[in-house]
file start.cif (mmCIF, C-alpha atoms)
data_start
#
loop_
_atom_site.label_atom_id
_atom_site.label_comp_id
_atom_site.auth_asym_id
_atom_site.auth_seq_id
_atom_site.Cartn_x
_atom_site.Cartn_y
_atom_site.Cartn_z
CA MET A 1 24.85 146.33 8.11
CA ILE A 2 21.28 145.21 7.73
CA GLU A 3 18.50 146.61 9.90
CA VAL A 4 14.96 145.32 9.89
CA HIS A 5 12.22 147.19 11.72
CA ASP A 6 8.83 145.64 12.47
CA LEU A 7 8.37 143.82 9.16
CA HIS A 8 4.91 142.51 8.26
CA LYS A 9 3.75 140.51 5.29
CA SER A 10 0.59 138.54 4.75
CA PHE A 11 -0.72 136.64 1.76
CA LEU A 12 -4.29 135.96 0.75
CA ILE A 13 -4.67 132.24 0.25
CA ARG A 14 -8.13 131.46 -1.12
CA GLY A 15 -9.44 134.59 0.54
CA VAL A 16 -7.96 133.71 3.92
CA PRO A 17 -5.11 135.98 5.05
CA LEU A 18 -1.97 134.14 6.08
CA HIS A 19 0.41 136.19 8.20
CA ALA A 20 3.75 134.89 7.01
CA VAL A 21 5.79 137.59 8.74
CA ASN A 22 4.26 139.29 11.74
CA GLY A 23 6.52 141.96 13.18
CA VAL A 24 10.10 140.84 12.62
CA SER A 25 12.88 143.17 13.81
CA PHE A 26 16.61 142.47 14.04
CA ARG A 27 20.04 143.81 13.19
CA ALA A 28 22.82 142.04 11.37
CA ALA A 29 26.14 143.77 12.04
CA ASP A 30 29.21 144.01 9.79
CA GLY A 31 31.94 141.51 10.49
CA GLU A 32 29.43 139.05 11.91
CA ILE A 33 27.52 136.06 10.67
CA THR A 34 23.88 136.33 11.67
CA GLY A 35 21.61 133.31 11.41
CA LEU A 36 17.87 133.31 10.92
CA LEU A 37 16.81 130.08 12.53
CA GLY A 38 13.32 128.74 12.39
CA PRO A 39 11.23 125.71 11.48
CA ASN A 40 9.91 125.30 7.95
CA GLY A 41 7.24 127.85 7.20
CA ALA A 42 8.33 130.21 9.97
CA GLY A 43 8.75 133.12 7.54
CA LYS A 44 12.52 133.04 6.99
CA THR A 45 12.39 133.05 3.21
CA THR A 46 9.62 135.67 3.13
CA THR A 47 11.69 137.89 5.41
CA LEU A 48 14.74 137.48 3.20
CA ARG A 49 12.70 138.18 0.07
CA MET A 50 11.56 141.46 1.53
CA LEU A 51 15.18 142.19 2.41
CA TYR A 52 16.34 141.76 -1.14
CA THR A 53 13.41 143.80 -2.48
CA LEU A 54 11.69 140.93 -4.22
CA MET A 55 8.60 141.60 -2.11
CA ARG A 56 7.21 144.77 -0.66
CA PRO A 57 6.52 144.55 3.05
CA ASP A 58 2.98 145.43 4.16
CA ARG A 59 4.55 147.37 7.00
CA GLY A 60 7.98 148.05 8.41
CA ARG A 61 11.37 149.17 7.11
CA VAL A 62 14.45 147.53 5.71
CA LEU A 63 17.76 149.41 5.85
CA VAL A 64 20.91 148.10 4.18
CA ASP A 65 23.92 150.24 5.09
CA GLY A 66 21.42 152.99 5.83
CA CYS A 67 19.76 152.67 2.42
CA ASP A 68 15.98 152.26 2.64
CA ALA A 69 14.59 149.41 0.53
CA ALA A 70 11.32 151.24 -0.05
CA ASP A 71 12.93 154.49 -1.28
CA ASP A 72 15.93 153.15 -3.15
CA PRO A 73 15.52 149.46 -4.04
CA ASN A 74 18.33 149.67 -6.61
CA GLY A 75 20.69 151.04 -3.98
CA VAL A 76 19.80 148.10 -1.74
CA ARG A 77 20.31 145.61 -4.57
CA ALA A 78 23.74 147.08 -5.31
CA ARG A 79 24.74 146.68 -1.65
CA LEU A 80 23.45 143.11 -1.35
CA GLY A 81 24.71 139.80 -2.63
CA VAL A 82 21.93 137.23 -2.61
CA LEU A 83 21.83 133.47 -2.75
CA PRO A 84 18.13 132.75 -3.24
CA ASP A 85 16.50 129.54 -2.05
CA ALA A 86 15.93 128.31 -5.58
CA ARG A 87 19.45 128.94 -6.86
CA GLY A 88 18.08 130.31 -10.11
CA LEU A 89 20.91 129.58 -12.52
CA TYR A 90 20.25 129.69 -16.25
CA LYS A 91 20.76 126.06 -17.14
CA ARG A 92 21.82 126.55 -20.75
CA LEU A 93 24.49 129.09 -19.83
CA SER A 94 27.85 128.09 -18.41
CA ALA A 95 28.77 129.00 -14.85
CA ARG A 96 31.00 131.76 -16.17
CA GLU A 97 28.23 133.17 -18.36
CA ASN A 98 25.81 133.12 -15.44
CA ILE A 99 28.25 135.10 -13.31
CA GLU A 100 29.14 137.47 -16.15
CA TYR A 101 25.49 138.16 -16.84
CA PHE A 102 24.85 139.37 -13.31
CA ALA A 103 28.07 141.36 -13.28
CA ARG A 104 27.00 143.16 -16.47
CA LEU A 105 23.61 143.88 -14.98
CA HIS A 106 25.45 145.52 -12.09
CA GLY A 107 27.27 147.64 -14.66
CA ILE A 108 30.77 146.28 -14.11
CA ASP A 109 33.31 146.62 -16.92
CA ALA A 110 34.72 143.58 -18.71
CA ALA A 111 38.25 143.70 -17.24
CA THR A 112 36.92 143.87 -13.68
CA ILE A 113 34.48 141.05 -14.41
CA ALA A 114 37.29 138.82 -15.65
CA SER A 115 39.50 139.46 -12.63
CA ARG A 116 36.64 139.01 -10.16
CA ILE A 117 35.58 135.72 -11.75
CA GLU A 118 39.19 134.58 -11.55
CA ARG A 119 39.33 135.41 -7.85
CA LEU A 120 35.93 133.90 -7.00
CA SER A 121 36.75 130.83 -9.02
CA GLN A 122 39.80 130.24 -6.85
CA ALA A 123 38.02 131.00 -3.59
CA LEU A 124 35.07 128.73 -4.38
CA ASP A 125 37.05 126.19 -6.43
CA LEU A 126 34.95 126.57 -9.58
CA GLY A 127 37.83 125.77 -11.94
CA ASP A 128 36.62 122.37 -13.11
CA PHE A 129 33.18 123.41 -14.21
CA LEU A 130 33.44 127.14 -14.81
CA ASP A 131 32.91 126.78 -18.55
CA ARG A 132 30.39 123.98 -18.46
CA ARG A 133 26.68 124.54 -18.76
CA THR A 134 25.01 124.54 -15.35
CA GLU A 135 22.50 121.93 -16.52
CA GLY A 136 23.60 118.76 -14.81
CA PHE A 137 25.61 120.44 -12.07
CA SER A 138 25.62 118.80 -8.66
CA GLY A 139 23.97 120.62 -5.77
CA GLY A 140 27.34 121.80 -4.51
CA GLN A 141 28.44 123.07 -7.90
CA ARG A 142 25.16 124.89 -8.31
CA THR A 143 25.41 126.53 -4.89
CA ARG A 144 29.01 127.55 -5.42
CA THR A 145 28.18 129.07 -8.80
CA ALA A 146 25.24 130.93 -7.33
CA ILE A 147 27.40 132.26 -4.50
CA ALA A 148 30.04 133.44 -6.94
CA ARG A 149 27.30 135.17 -8.87
CA ALA A 150 25.98 136.80 -5.69
CA LEU A 151 29.42 138.16 -4.85
CA VAL A 152 30.58 139.32 -8.27
CA HIS A 153 29.69 142.96 -7.57
CA ASP A 154 31.66 142.82 -4.29
CA PRO A 155 28.73 143.61 -1.98
CA ARG A 156 29.28 144.52 1.67
CA ASN A 157 26.24 142.50 2.70
CA VAL A 158 25.56 138.88 1.80
CA LEU A 159 22.20 137.12 2.18
CA LEU A 160 22.08 133.36 1.89
CA ASP A 161 18.83 131.42 1.99
CA GLU A 162 19.52 127.92 3.28
CA PRO A 163 23.03 127.86 1.82
CA THR A 164 23.92 124.33 2.90
CA ASN A 165 20.68 122.71 1.78
CA GLY A 166 21.45 119.48 -0.03
CA LEU A 167 25.22 119.72 0.29
CA ASP A 168 27.50 116.95 1.47
CA VAL A 169 29.78 117.26 4.48
CA MET A 170 32.89 118.29 2.60
CA THR A 171 31.13 120.94 0.58
CA THR A 172 29.40 122.22 3.68
CA ARG A 173 32.71 122.57 5.50
CA ALA A 174 34.27 124.37 2.56
CA LEU A 175 31.28 126.68 2.36
CA ARG A 176 31.49 127.46 6.08
CA SER A 177 35.12 128.43 5.86
CA PHE A 178 34.30 130.56 2.84
CA LEU A 179 31.60 132.37 4.80
CA ARG A 180 34.05 132.89 7.68
CA GLY A 181 36.36 134.45 5.13
CA LEU A 182 33.60 136.88 4.19
CA ARG A 183 33.19 137.72 7.86
CA ALA A 184 36.94 138.29 8.19
CA ASP A 185 36.68 140.80 5.31
CA GLY A 186 34.29 142.73 7.54
CA ARG A 187 31.19 141.90 5.54
CA CYS A 188 27.74 141.47 6.98
CA VAL A 189 26.61 137.88 6.42
CA LEU A 190 22.98 136.91 7.00
CA LEU A 191 21.90 133.35 6.41
CA SER A 192 18.74 131.43 7.06
CA SER A 193 18.61 127.81 8.10
CA HIS A 194 16.47 125.31 9.83
CA VAL A 195 19.50 123.21 10.72
CA MET A 196 20.67 123.74 14.26
CA GLN A 197 24.22 122.47 13.82
CA GLU A 198 24.64 124.75 10.88
CA VAL A 199 23.72 127.82 12.80
CA SER A 200 25.59 126.93 15.97
CA ALA A 201 28.75 126.08 14.05
CA LEU A 202 28.75 129.26 12.03
CA CYS A 203 26.79 132.12 13.49
CA ASP A 204 27.86 134.83 15.89
CA ARG A 205 24.29 135.84 16.50
CA ILE A 206 21.10 133.90 16.08
CA VAL A 207 17.62 135.25 15.46
CA VAL A 208 15.02 132.56 16.12
CA ILE A 209 11.84 133.00 14.11
CA ALA A 210 8.63 131.05 14.63
CA GLN A 211 5.20 131.76 13.16
CA GLY A 212 6.39 135.01 11.68
CA ARG A 213 7.75 136.45 14.93
CA VAL A 214 11.18 136.79 16.50
CA VAL A 215 10.98 134.59 19.58
CA ALA A 216 14.61 134.79 20.70
CA GLU A 217 17.79 136.57 19.76
CA GLY A 218 21.40 136.47 20.91
CA THR A 219 24.66 134.55 20.67
CA PRO A 220 24.35 130.76 20.79
CA GLU A 221 25.69 130.89 24.36
CA GLU A 222 23.15 133.51 25.42
CA LEU A 223 20.31 131.48 23.95
CA ARG A 224 21.36 128.42 25.90
CA LEU A 225 21.65 130.35 29.14
CA ARG A 226 18.41 132.23 28.68
CA THR A 227 16.32 129.16 28.08
CA GLY A 228 18.26 127.08 30.57
CA ALA A 229 18.65 124.28 28.06
CA ALA A 230 21.67 122.02 27.88
CA ASN A 231 22.15 122.38 24.15
CA LEU A 232 21.06 124.66 21.37
CA GLU A 233 18.52 122.24 20.00
CA ASP A 234 16.62 122.17 23.27
CA ALA A 235 16.99 125.92 23.53
CA PHE A 236 15.49 126.25 20.08
CA VAL A 237 12.55 124.00 20.88
CA ARG A 238 11.90 125.94 24.06
CA ALA A 239 12.20 129.23 22.25
CA ILE A 240 9.59 128.38 19.67
CA GLY A 241 7.36 127.09 22.44
CA SER A 242 6.75 123.56 21.20
CA ASP A 243 8.24 120.90 19.01
CA GLU A 244 5.26 120.97 16.69
CA GLY A 245 6.89 123.45 14.37
CA LEU A 246 9.82 121.16 13.77
CA LEU A 247 7.63 118.69 11.96
CA ALA A 248 5.48 121.22 10.16
CA MET B 1 19.07 150.57 -21.98
CA ASN B 2 22.34 148.90 -21.13
CA ALA B 3 20.59 146.44 -18.83
CA LEU B 4 18.01 145.81 -21.53
CA TRP B 5 20.74 144.97 -24.00
CA THR B 6 22.43 142.67 -21.49
CA VAL B 7 19.18 140.84 -20.86
CA PHE B 8 18.44 140.61 -24.58
CA ARG B 9 21.85 139.13 -25.29
CA LYS B 10 21.46 136.59 -22.51
CA GLU B 11 17.99 135.59 -23.74
CA LEU B 12 19.32 135.17 -27.27
CA LEU B 13 22.25 133.05 -26.11
CA ASP B 14 19.93 130.99 -23.95
CA ALA B 15 17.47 130.49 -26.80
CA PHE B 16 20.18 129.48 -29.26
CA ARG B 17 21.40 126.80 -26.88
CA ASP B 18 17.95 125.32 -26.56
CA ARG B 19 17.86 122.52 -29.13
CA ARG B 20 14.12 122.16 -29.07
CA MET B 21 13.63 125.85 -29.64
CA LEU B 22 16.13 125.81 -32.50
CA LEU B 23 14.40 122.82 -34.07
CA MET B 24 11.11 124.63 -33.77
CA ALA B 25 12.41 127.90 -35.21
CA PHE B 26 14.56 126.62 -38.04
CA VAL B 27 13.12 123.27 -39.04
CA ILE B 28 9.48 122.98 -38.08
CA MET B 29 8.43 126.56 -38.73
CA PRO B 30 9.90 126.82 -42.26
CA LEU B 31 8.17 123.53 -43.07
CA ALA B 32 4.89 124.30 -41.41
CA VAL B 33 4.35 127.92 -42.37
CA PRO B 34 4.20 127.49 -46.18
CA GLY B 35 1.97 124.50 -45.66
CA LEU B 36 -0.35 126.50 -43.46
CA LEU B 37 -0.42 129.44 -45.86
CA ALA B 38 -1.05 127.14 -48.81
CA GLY B 39 -3.80 125.36 -46.94
CA MET B 40 -5.50 128.59 -45.98
CA SER B 41 -5.43 130.08 -49.46
CA ALA B 42 -6.60 126.77 -50.94
CA VAL B 43 -9.62 126.88 -48.67
CA GLY B 44 -10.21 130.49 -49.66
CA VAL B 45 -10.01 129.74 -53.38
CA ARG B 46 -12.30 126.74 -53.06
CA LYS B 47 -14.89 128.82 -51.24
CA GLN B 48 -14.67 131.52 -53.90
CA ILE B 49 -15.19 128.99 -56.67
CA GLN B 50 -18.12 127.40 -54.89
CA LYS B 51 -19.61 130.84 -54.49
CA LEU B 52 -19.18 131.62 -58.17
CA GLU B 53 -20.72 128.35 -59.30
CA SER B 54 -23.59 128.02 -56.86
CA THR B 55 -27.00 129.52 -57.52
CA LEU B 56 -27.06 132.97 -55.98
CA GLU B 57 -30.20 133.91 -54.10
CA LEU B 58 -30.96 137.55 -54.81
CA PRO B 59 -33.69 139.35 -52.89
CA VAL B 60 -35.31 141.90 -55.20
CA ILE B 61 -37.55 144.79 -54.21
CA GLY B 62 -40.14 145.53 -56.90
CA ALA B 63 -39.37 142.44 -59.00
CA GLU B 64 -42.82 142.73 -60.59
CA ARG B 65 -41.76 146.03 -62.22
CA ALA B 66 -39.08 144.35 -64.35
CA PRO B 67 -40.27 140.84 -65.32
CA ASN B 68 -37.92 140.57 -68.32
CA LEU B 69 -34.88 141.47 -66.25
CA MET B 70 -35.93 138.94 -63.60
CA ALA B 71 -36.36 136.22 -66.18
CA TRP B 72 -32.98 137.02 -67.65
CA LEU B 73 -31.29 136.91 -64.23
CA GLY B 74 -33.11 133.64 -63.54
CA SER B 75 -31.56 132.09 -66.61
CA HIS B 76 -28.07 133.04 -65.38
CA ASN B 77 -27.79 130.85 -62.30
CA LEU B 78 -29.50 133.36 -60.08
CA ARG B 79 -32.70 132.89 -58.10
CA VAL B 80 -34.85 135.90 -57.43
CA ILE B 81 -36.51 135.79 -54.01
CA ALA B 82 -38.70 138.14 -52.00
CA ALA B 83 -36.87 141.01 -50.29
CA PRO B 84 -36.93 141.51 -46.52
CA GLU B 85 -38.81 144.41 -44.90
CA ASP B 86 -35.73 146.46 -44.06
CA PRO B 87 -33.21 145.89 -46.87
CA ASP B 88 -30.46 148.22 -45.57
CA GLY B 89 -30.73 146.71 -42.10
CA ALA B 90 -30.72 143.16 -43.45
CA VAL B 91 -27.46 143.83 -45.26
CA GLN B 92 -25.93 145.58 -42.28
CA ARG B 93 -26.92 142.74 -39.96
CA GLN B 94 -25.23 140.41 -42.48
CA GLU B 95 -28.44 138.48 -43.12
CA ARG B 96 -28.10 139.22 -46.85
CA GLU B 97 -25.03 139.89 -48.93
CA VAL B 98 -26.65 141.89 -51.65
CA ILE B 99 -30.18 143.15 -52.39
CA LEU B 100 -31.48 144.64 -55.63
CA ARG B 101 -34.10 147.40 -55.71
CA VAL B 102 -35.99 148.16 -58.92
CA ALA B 103 -37.01 151.83 -58.94
CA ALA B 104 -40.73 152.65 -58.89
CA ASP B 105 -40.55 154.48 -62.24
CA TYR B 106 -38.51 151.67 -63.85
CA ALA B 107 -41.21 150.48 -66.22
CA ALA B 108 -42.19 153.99 -67.35
CA ARG B 109 -38.62 155.07 -68.01
CA TRP B 110 -37.82 151.76 -69.73
CA ARG B 111 -40.70 152.22 -72.14
CA ALA B 112 -39.63 155.82 -72.78
CA GLY B 113 -36.15 154.59 -73.68
CA GLN B 114 -34.61 156.44 -70.76
CA PRO B 115 -32.09 154.85 -68.38
CA ALA B 116 -34.13 152.93 -65.82
CA ARG B 117 -32.72 152.79 -62.34
CA VAL B 118 -31.85 149.64 -60.37
CA GLU B 119 -30.11 149.90 -57.04
CA LEU B 120 -27.59 147.46 -55.53
CA ILE B 121 -27.55 147.40 -51.72
CA TYR B 122 -24.42 145.87 -50.24
CA ASP B 123 -21.78 146.40 -47.57
CA SER B 124 -18.25 146.81 -48.95
CA SER B 125 -16.70 146.28 -45.52
CA ARG B 126 -17.85 142.65 -45.47
CA PRO B 127 -15.44 139.77 -46.23
CA VAL B 128 -14.19 138.93 -49.67
CA GLN B 129 -16.87 136.34 -50.41
CA THR B 130 -19.51 139.07 -50.36
CA GLY B 131 -17.54 140.94 -53.00
CA THR B 132 -17.87 137.90 -55.25
CA SER B 133 -21.67 137.91 -54.99
CA VAL B 134 -21.90 141.65 -55.52
CA ALA B 135 -19.61 141.46 -58.57
CA ARG B 136 -21.68 138.63 -60.00
CA VAL B 137 -24.90 140.61 -59.79
CA ARG B 138 -23.23 143.77 -61.05
CA ASN B 139 -21.69 141.95 -64.05
CA LEU B 140 -25.02 140.35 -64.94
CA LEU B 141 -26.81 143.71 -64.79
CA GLU B 142 -24.17 145.33 -66.97
CA ALA B 143 -24.33 142.47 -69.44
CA TYR B 144 -28.11 142.82 -69.60
CA SER B 145 -27.81 146.56 -70.06
CA GLY B 146 -25.31 146.08 -72.88
CA GLN B 147 -27.38 143.42 -74.56
CA VAL B 148 -30.61 145.45 -74.54
CA GLY B 149 -28.68 148.54 -75.64
CA THR B 150 -27.34 146.66 -78.65
CA LEU B 151 -30.83 145.43 -79.54
CA ARG B 152 -32.17 149.01 -79.32
CA LEU B 153 -29.50 150.23 -81.71
CA ILE B 154 -30.34 147.50 -84.18
CA ALA B 155 -34.06 148.33 -83.86
CA ARG B 156 -33.19 151.94 -84.82
CA GLY B 157 -31.16 150.77 -87.80
CA VAL B 158 -27.79 151.61 -86.26
CA HIS B 159 -24.95 149.14 -86.42
CA PRO B 160 -24.01 148.24 -82.83
CA ALA B 161 -20.33 148.65 -83.68
CA VAL B 162 -20.93 152.40 -83.81
CA ALA B 163 -21.39 152.38 -80.06
CA GLY B 164 -18.14 150.47 -79.54
CA PRO B 165 -15.34 152.41 -81.21
CA LEU B 166 -12.69 150.51 -79.30
CA GLN B 167 -12.11 146.84 -79.71
CA LEU B 168 -10.40 145.57 -76.60
CA VAL B 169 -8.79 142.18 -76.88
CA ALA B 170 -7.28 140.69 -73.72
CA ARG B 171 -4.47 138.19 -74.21
CA ASP B 172 -3.64 136.56 -70.90
CA VAL B 173 -0.33 134.68 -71.18
CA ALA B 174 -0.54 133.20 -67.70
CA THR B 175 0.23 129.49 -67.49
CA PRO B 176 -1.18 127.23 -64.76
CA GLU B 177 2.31 127.18 -63.21
CA SER B 178 2.64 130.95 -63.03
CA ARG B 179 -0.71 131.29 -61.35
CA PHE B 180 -0.98 131.19 -57.55
CA ASP B 181 -3.63 128.56 -57.72
CA PHE B 182 -4.39 125.26 -56.08
#
call {"tool": "encode", "arguments": {"input": "start.cif", "output": "structure tokens"}}
result
Amino acid sequence: MIEVHDLHKSFLIRGVPLHAVNGVSFRAADGEITGLLGPNGAGKTTTLRMLYTLMRPDRGRVLVDGCDAADDPNGVRARLGVLPDARGLYKRLSARENIEYFARLHGIDAATIASRIERLSQALDLGDFLDRRTEGFSGGQRTRTAIARALVHDPRNVLLDEPTNGLDVMTTRALRSFLRGLRADGRCVLLSSHVMQEVSALCDRIVVIAQGRVVAEGTPEELRLRTGAANLEDAFVRAIGSDEGLLA
Amino acid sequence: MNALWTVFRKELLDAFRDRRMLLMAFVIMPLAVPGLLAGMSAVGVRKQIQKLESTLELPVIGAERAPNLMAWLGSHNLRVIAAPEDPDGAVQRQEREVILRVAADYAARWRAGQPARVELIYDSSRPVQTGTSVARVRNLLEAYSGQVGTLRLIARGVHPAVAGPLQLVARDVATPESRFDF
């Protein structure tokens, strides 16, 4: 379970403060897929970065399974599997070496690493390219490798920043069913996206973020009812107050 | 420590797979480094030689007290010039490499046949080139001292060999090839 309380983060850009995240609070429960939905620049990635302890929030708390990110960042990292927005694979290492490297950093022994890679390789269908260098991988191969790497320490909570970005339909469908599998295991899955269909097809709960604030929250059905819109896209546009943000 | 080792191993593996880095480390560097070293020492040696062969300007305090010494120095590729106001400061500020001071009682002691004092002012913490100039002046002064000493012995009817009981012969068997020279 991931709990976020009143998160704030601003950056100084040429002396002018930019409030990227301005009081974001939400809860992502176990056994559910929670979607952070928002236009580009709404603060989704910044929020996620504070969640996985890459950034320190100016204000607010992050709790992962009750573990406070400010007091015990290593505890939070051990409980989280993260797919960052820039997938961040080492291009001269093979997919297997990339996954092994992270597993070793998590302090997992060699036998467990081997069996986990075997299992993840089957679940994510990495077989063909597991021992190839990641340089020259397709977008889908890269994402699948990065997801395997994020899950190698068997975390209860999984964060995915725009997981389906740049993937074709077949890969996207496979990824969705994989994420549903994670939900069925009782894990807490939190993903960010700016793609409506993505979120509506996958998420149990949606947190709509615009200009660094949570503007709406609920199941896709609730969001539609609350805004009185016929479909989720209209609901989203109404929630963020204008359609300007969509083009930003 | 364990994490450090894991990261180190990954970095090493990553570096060894990088062709450009390997080329740099194992082909270009071994070729370039000796060349660079050779080039640098060649420049150093050339500077040293230039220094040895050029006319050395030596500021002297009280040059008028030792005209013979000055004339002798002048005939050995050395030009005696006027000394600055503050000799120690001039050397410390690196305006001059070496300054010679002839003691006030030089002439009197010289005539009395007593050791007459000359003082070398230099800074031993300065770069190597300075050492060359200092050694040049020091060697010339010692040569002059030896020469006059020999003449004094002869004037007193003593064979100069009496003052040199040891005959030191240096046989340097170095060949041009064995010398680190360019």
call {"tool": "closest_atom_pairs", "arguments": {"input": "start.cif", "of": "chain A", "to": "chain B", "cutoff": "7 Å", "atoms": "only C-alpha atoms", "output": "tab-separated table"}}
result
residue	atom	partner	partner_atom	distance
A:Arg92	CA	B:Asp14	CA	5.8
A:Leu93	CA	B:Asp14	CA	6.4
A:Arg104	CA	B:Thr6	CA	6.8
A:Leu105	CA	B:Ala3	CA	5.5
call {"tool": "write_last_selection", "arguments": {"input": "start.cif", "atoms": "C-alpha atoms", "output": "PDB file, in the frame of the given file"}}
result
ATOM      1  CA  ARG A  92      21.820 126.550 -20.750  1.00  0.00           C
ATOM      2  CA  LEU A  93      24.490 129.090 -19.830  1.00  0.00           C
ATOM      3  CA  ARG A 104      27.000 143.160 -16.470  1.00  0.00           C
ATOM      4  CA  LEU A 105      23.610 143.880 -14.980  1.00  0.00           C
TER       5      LEU A 105
END
call {"tool": "axis_aligned_box", "arguments": {"input": "start.cif", "around": "segment 18-26 of chain B", "padding_each_side": "3 Å", "output": "AutoDock Vina command-line options"}}
result
--center_x 14.5 --center_y 125.0 --center_z -32.3 --size_x 12.8 --size_y 11.7 --size_z 17.5
call {"tool": "resolve_selection", "arguments": {"input": "start.cif", "expression": "the PyMOL selection byres ((chain B and resi 87-102) around 9)", "output": "JSON, numbers by chain"}}
result
{"B": [58, 59, 60, 61, 62, 63, 64, 65, 66, 83, 84, 85, 86, 103, 104, 105, 106, 116, 117, 118, 119, 120, 121, 122, 123, 126, 130, 131, 133, 134, 137]}
call {"tool": "residues_around", "arguments": {"input": "start.cif", "residues": "Leu151 of chain B", "least_positions_apart": "6", "cutoff": "12 Å", "atoms": "only C-alpha atoms", "output": "PyMOL selection string"}}
result
chain B and resi 144-145+157-161+163
call {"tool": "resolve_selection", "arguments": {"input": "start.cif", "expression": "the PyMOL selection byres ((chain A and resi 67-77) around 9)", "output": "list in words"}}
result
Met50, Leu51, Tyr52, Thr53, Arg56, Pro57, Arg61, Val62, Leu63, Val64, Asp65, Gly66, Ala78, Arg79, Leu80, Gly81 and Val82 of chain A
call {"tool": "closest_atom_pairs", "arguments": {"input": "start.cif", "of": "segment 25-54 of chain A", "to": "segment 2-6 of chain A", "cutoff": "10 Å", "atoms": "only C-alpha atoms", "output": "Markdown table"}}
result
| residue | atom | partner | partner_atom | distance |
| --- | --- | --- | --- | --- |
| A:Ser25 | CA | A:His5 | CA | 4.6 |
| A:Phe26 | CA | A:Val4 | CA | 5.3 |
| A:Arg27 | CA | A:Glu3 | CA | 4.6 |
| A:Ala28 | CA | A:Ile2 | CA | 5.1 |
| A:Ala29 | CA | A:Ile2 | CA | 6.7 |
| A:Asp30 | CA | A:Ile2 | CA | 8.3 |
| A:Thr47 | CA | A:Val4 | CA | 9.3 |
| A:Met50 | CA | A:Val4 | CA | 9.8 |
| A:Leu51 | CA | A:Val4 | CA | 8.1 |
call {"tool": "closest_residue", "arguments": {"input": "start.cif", "among": "B:Val173, B:Leu78, B:Ala143, B:Leu69", "to": "Ala107 of chain B", "atoms": "all atoms listed in the file"}}
result
B:Leu69
call {"tool": "atom_distance", "arguments": {"input": "start.cif", "atom1": "atom CA of Arg238 of chain A", "atom2": "atom CA of Thr46 of chain A"}}
result
23.2 Å
call {"tool": "decode", "arguments": {"input": "start.cif", "residues": "segment 97-110 of chain A", "atoms": "N, CA and C atoms", "output": "short mmCIF file (atom, residue, chain, number, x, y, z; two decimals), in the first residue's frame"}}
result
data_model
loop_
_atom_site.label_atom_id
_atom_site.label_comp_id
_atom_site.auth_asym_id
_atom_site.auth_seq_id
_atom_site.Cartn_x
_atom_site.Cartn_y
_atom_site.Cartn_z
N GLU A 97 22.09 -9.44 -17.52
CA GLU A 97 23.05 -8.77 -16.65
C GLU A 97 22.45 -7.55 -15.98
N ASN A 98 21.61 -6.84 -16.74
CA ASN A 98 20.91 -5.69 -16.15
C ASN A 98 20.05 -6.12 -14.96
N ILE A 99 19.32 -7.22 -15.16
CA ILE A 99 18.42 -7.68 -14.10
C ILE A 99 19.23 -8.19 -12.91
N GLU A 100 20.28 -8.95 -13.23
CA GLU A 100 21.14 -9.51 -12.17
C GLU A 100 21.77 -8.41 -11.32
N TYR A 101 22.19 -7.36 -12.02
CA TYR A 101 22.86 -6.26 -11.32
C TYR A 101 21.95 -5.68 -10.24
N PHE A 102 20.70 -5.43 -10.61
CA PHE A 102 19.78 -4.86 -9.63
C PHE A 102 19.48 -5.85 -8.51
N ALA A 103 19.37 -7.13 -8.90
CA ALA A 103 19.09 -8.15 -7.88
C ALA A 103 20.22 -8.19 -6.86
N ARG A 104 21.47 -8.11 -7.35
CA ARG A 104 22.62 -8.13 -6.43
C ARG A 104 22.61 -6.92 -5.54
N LEU A 105 22.24 -5.77 -6.11
CA LEU A 105 22.18 -4.56 -5.29
C LEU A 105 21.13 -4.70 -4.20
N HIS A 106 20.10 -5.51 -4.47
CA HIS A 106 19.09 -5.74 -3.43
C HIS A 106 19.54 -6.84 -2.47
N GLY A 107 20.73 -7.40 -2.71
CA GLY A 107 21.28 -8.38 -1.79
C GLY A 107 20.67 -9.77 -1.91
N ILE A 108 20.27 -10.13 -3.13
CA ILE A 108 19.66 -11.46 -3.32
C ILE A 108 20.76 -12.45 -3.72
N ASP A 109 20.65 -13.69 -3.23
CA ASP A 109 21.71 -14.67 -3.53
C ASP A 109 21.55 -15.23 -4.95
N ALA A 110 22.64 -15.80 -5.44
CA ALA A 110 22.72 -16.17 -6.86
C ALA A 110 21.65 -17.16 -7.28
#
